[in-house]
Amino acid sequence: MVENKKVLDKPLKIVQAIDAGGWGGAEKAVVMLANGLTNAGHNVEVWVRKNSVLCQELVPEVRIRVVPFLNDYEPFTPVLFARALKTRDIVHVHLGRAAKLSGYIAPLLSPDSRKRLLCHMHSYHKPRHYKRQKQIICVSKAVEDYVKKGMPWVEHTWVVYNGIDMKGARSSAPLFPKDGRAVRIGLLATFKAPKGHADLLKAFAKICDELPVKLILGGDGPLLPDMKRLAGELGISDKVIFTGFIPPDKVFPFWKSLDIACVPSNAEGFPLSLLEAMACGLPIVGYAEPGVKEAIGDDGILLPVGDIDGLADSLKKAVEDEKLRAKLSGMSLKRSEQFTKEKMSENTIEVYKDALRH
């Protein structure tokens, strides 16, 4: 392997590794990075488990390798990571299992090889999976603060904001054609507790009897049956549409079907779904969770986490005030321009170069 200073002057050989079979924020980020780095002239290989959805979104020039990722303790994948660090310039791992399995070989690495191993922290993940990771890329300053406070063994951190592909954001037609009879509130997110679906349903239940509104919830996940049951208990099933899984090419059309995006998350690293909603010009109402706040800044209506009454009141205000929605829409569009896929790739390359210089 050539010296690091010489590596910086040529296209990099990069591995992006993620153990995930679904389609969420981390998977989207890996696709954006892999495609962006490849388009910038670097040689990228993505390591995934068998049948990973994200493979369908990679450009043909990105090489794909299926690796075991059997469990947190299997010996096969760490050996592959050890070999990769001898032949690649950067090994960039995402999420807990890839972080843990690559971490097993970290103590055996030379100082030069150790520089080449970077871990990406997409949210407030449990520190135990990251105990041997020394270099972490964080998706927000909020996540970086979490790492610095809870992972004292980490030697270097960087913040690289998620970016999105803006193509189609403004021109896409609604996935569900609008009829003009109701103001549509919605969210596209995996049905997991941190996304706050229960709070959104409860807030919507407080306003839907007095206003012409519909709630559209896109996505699937473990809590989807529970949320359908909660909608029934609240007596609002006839006013809530659960779309199920929304494929990647239908994300912007989904957001274009709405009039207001509501993001009541209680834990977010840096929400890609929010960026997509802003790029479609949607007014944002949600909770002032640190990652959400960092993404939207002052360009939306944010309430304290858990303030269901405040969420309901703010949604009611946005529904009733068309001029307010128009103002917030313009603010969302302008804000979204800060978070492009190109900036994400450029900033990641700068991190790689910085890591190799240490």
# chains A, B, ... in the order shown; residues from 1 in each chain; ligands from 1
call {"tool": "residues_around", "arguments": {"residues": "stretch 118-133 of chain A", "least_positions_apart": "4", "cutoff": "9 Å", "atoms": "only C-alpha atoms", "output": "ChimeraX atom specification"}}
result
/A:25-26,29,72,90-107,114,137-140,142-144,146-147,150-151,153-155,267-270,291,352,355
call {"tool": "residues_around", "arguments": {"residues": "A:Asp238", "least_positions_apart": "2", "cutoff": "12 Å", "atoms": "only C-alpha atoms", "output": "ChimeraX atom specification"}}
result
/A:205,208-209,213-216,228,231-236,240-242
call {"tool": "write_last_selection", "arguments": {"atoms": "C-alpha atoms", "output": "short mmCIF file (atom, residue, chain, number, x, y, z; two decimals), in the first residue's frame"}}
result
data_model
loop_
_atom_site.label_atom_id
_atom_site.label_comp_id
_atom_site.auth_asym_id
_atom_site.auth_seq_id
_atom_site.Cartn_x
_atom_site.Cartn_y
_atom_site.Cartn_z
CA ALA A 205 -57.54 13.11 16.59
CA CYS A 208 -59.97 16.13 12.65
CA ASP A 209 -63.61 16.48 13.74
CA VAL A 213 -58.27 17.12 7.02
CA LYS A 214 -56.80 13.74 6.12
CA LEU A 215 -53.76 12.01 7.56
CA ILE A 216 -51.52 9.98 5.24
CA LYS A 228 -53.59 0.97 12.93
CA ALA A 231 -56.27 4.85 14.99
CA GLY A 232 -59.26 2.59 15.59
CA GLU A 233 -59.25 3.26 19.31
CA LEU A 234 -59.16 7.01 18.65
CA GLY A 235 -62.09 6.68 16.25
CA ILE A 236 -60.22 8.18 13.30
CA VAL A 240 -56.21 8.01 8.18
CA ILE A 241 -54.57 6.32 5.20
CA PHE A 242 -51.77 3.83 5.86
#
call {"tool": "select_by_dssp", "arguments": {"residues": "stretch 173-263 of chain A", "states": "alpha helix (DSSP H)", "output": "PyMOL selection string"}}
result
chain A and resi 197-207+224-233+251-256
call {"tool": "residues_around", "arguments": {"residues": "A:Ala198", "least_positions_apart": "2", "cutoff": "10 Å", "atoms": "only C-alpha atoms", "output": "CSV table (one decimal) with C-alpha atoms, in the first residue's frame"}}
result
chain,number,residue,atom,x,y,z
A,191,PHE,CA,-43.0,2.6,12.0
A,192,LYS,CA,-40.7,2.6,15.0
A,193,ALA,CA,-41.1,4.3,18.4
A,194,PRO,CA,-38.6,7.1,17.8
A,195,LYS,CA,-40.6,8.4,14.8
A,196,GLY,CA,-43.5,9.5,17.0
A,200,LEU,CA,-49.2,12.3,15.5
A,201,LEU,CA,-52.3,10.2,15.6
A,202,LYS,CA,-53.3,11.6,19.0
A,203,ALA,CA,-52.7,15.2,17.8
A,204,PHE,CA,-54.6,14.6,14.6
A,223,LEU,CA,-45.3,-0.8,15.0
A,226,ASP,CA,-50.2,-1.1,16.7
A,227,MET,CA,-50.7,2.3,15.0
A,228,LYS,CA,-53.6,1.0,12.9
A,230,LEU,CA,-54.5,3.1,17.9
A,231,ALA,CA,-56.3,4.9,15.0
A,264,PRO,CA,-43.0,14.3,15.7
A,308,ILE,CA,-49.2,16.6,21.8
call {"tool": "residues_around", "arguments": {"residues": "stretch 244-258 of chain A", "least_positions_apart": "4", "cutoff": "7 Å", "atoms": "only C-alpha atoms", "output": "ChimeraX atom specification"}}
result
/A:168-169,172-178,184-186,218-220,276-277,280
call {"tool": "atom_distance", "arguments": {"atom1": "atom CA of A:Lys50", "atom2": "atom CA of A:Ile164"}}
result
25.2 Å
call {"tool": "select_by_dssp", "arguments": {"residues": "stretch 138-231 of chain A", "states": "strand (DSSP E)", "output": "list in words"}}
result
Cys138, His156, Thr157, Trp158, Val159, Val183, Arg184, Ile185, Gly186, Leu187, Leu188, Val213, Lys214, Leu215, Ile216, Leu217 and Gly218 of chain A
call {"tool": "residues_around", "arguments": {"residues": "A:Leu12", "least_positions_apart": "3", "cutoff": "10 Å", "atoms": "only C-alpha atoms", "output": "JSON, numbers by chain"}}
result
{"A": [7, 8, 9, 15, 37, 38, 41, 42, 43, 44, 88, 89, 90, 349, 352, 353]}
call {"tool": "residues_around", "arguments": {"residues": "A:Ala20", "least_positions_apart": "2", "cutoff": "12 Å", "atoms": "only C-alpha atoms", "output": "PyMOL selection string"}}
result
chain A and resi 17-18+22-28+30+46-55+66-70+93-98
call {"tool": "closest_residue", "arguments": {"among": "A:Lys341, A:Val351, A:Ser265, A:Val285", "to": "A:Leu33", "atoms": "only C-alpha atoms"}}
result
A:Lys341
call {"tool": "closest_residue", "arguments": {"among": "A:Asp165, A:Glu74, A:Asp299, A:Asp145", "to": "A:Leu272", "atoms": "only C-alpha atoms"}}
result
A:Asp165
call {"tool": "closest_residue", "arguments": {"among": "A:His358, A:Lys115, A:Arg83, A:Arg335", "to": "A:Ala295", "atoms": "only C-alpha atoms"}}
result
A:Arg335
call {"tool": "atom_distance", "arguments": {"atom1": "atom CA of A:Leu274", "atom2": "atom CA of A:His197"}}
result
14.5 Å
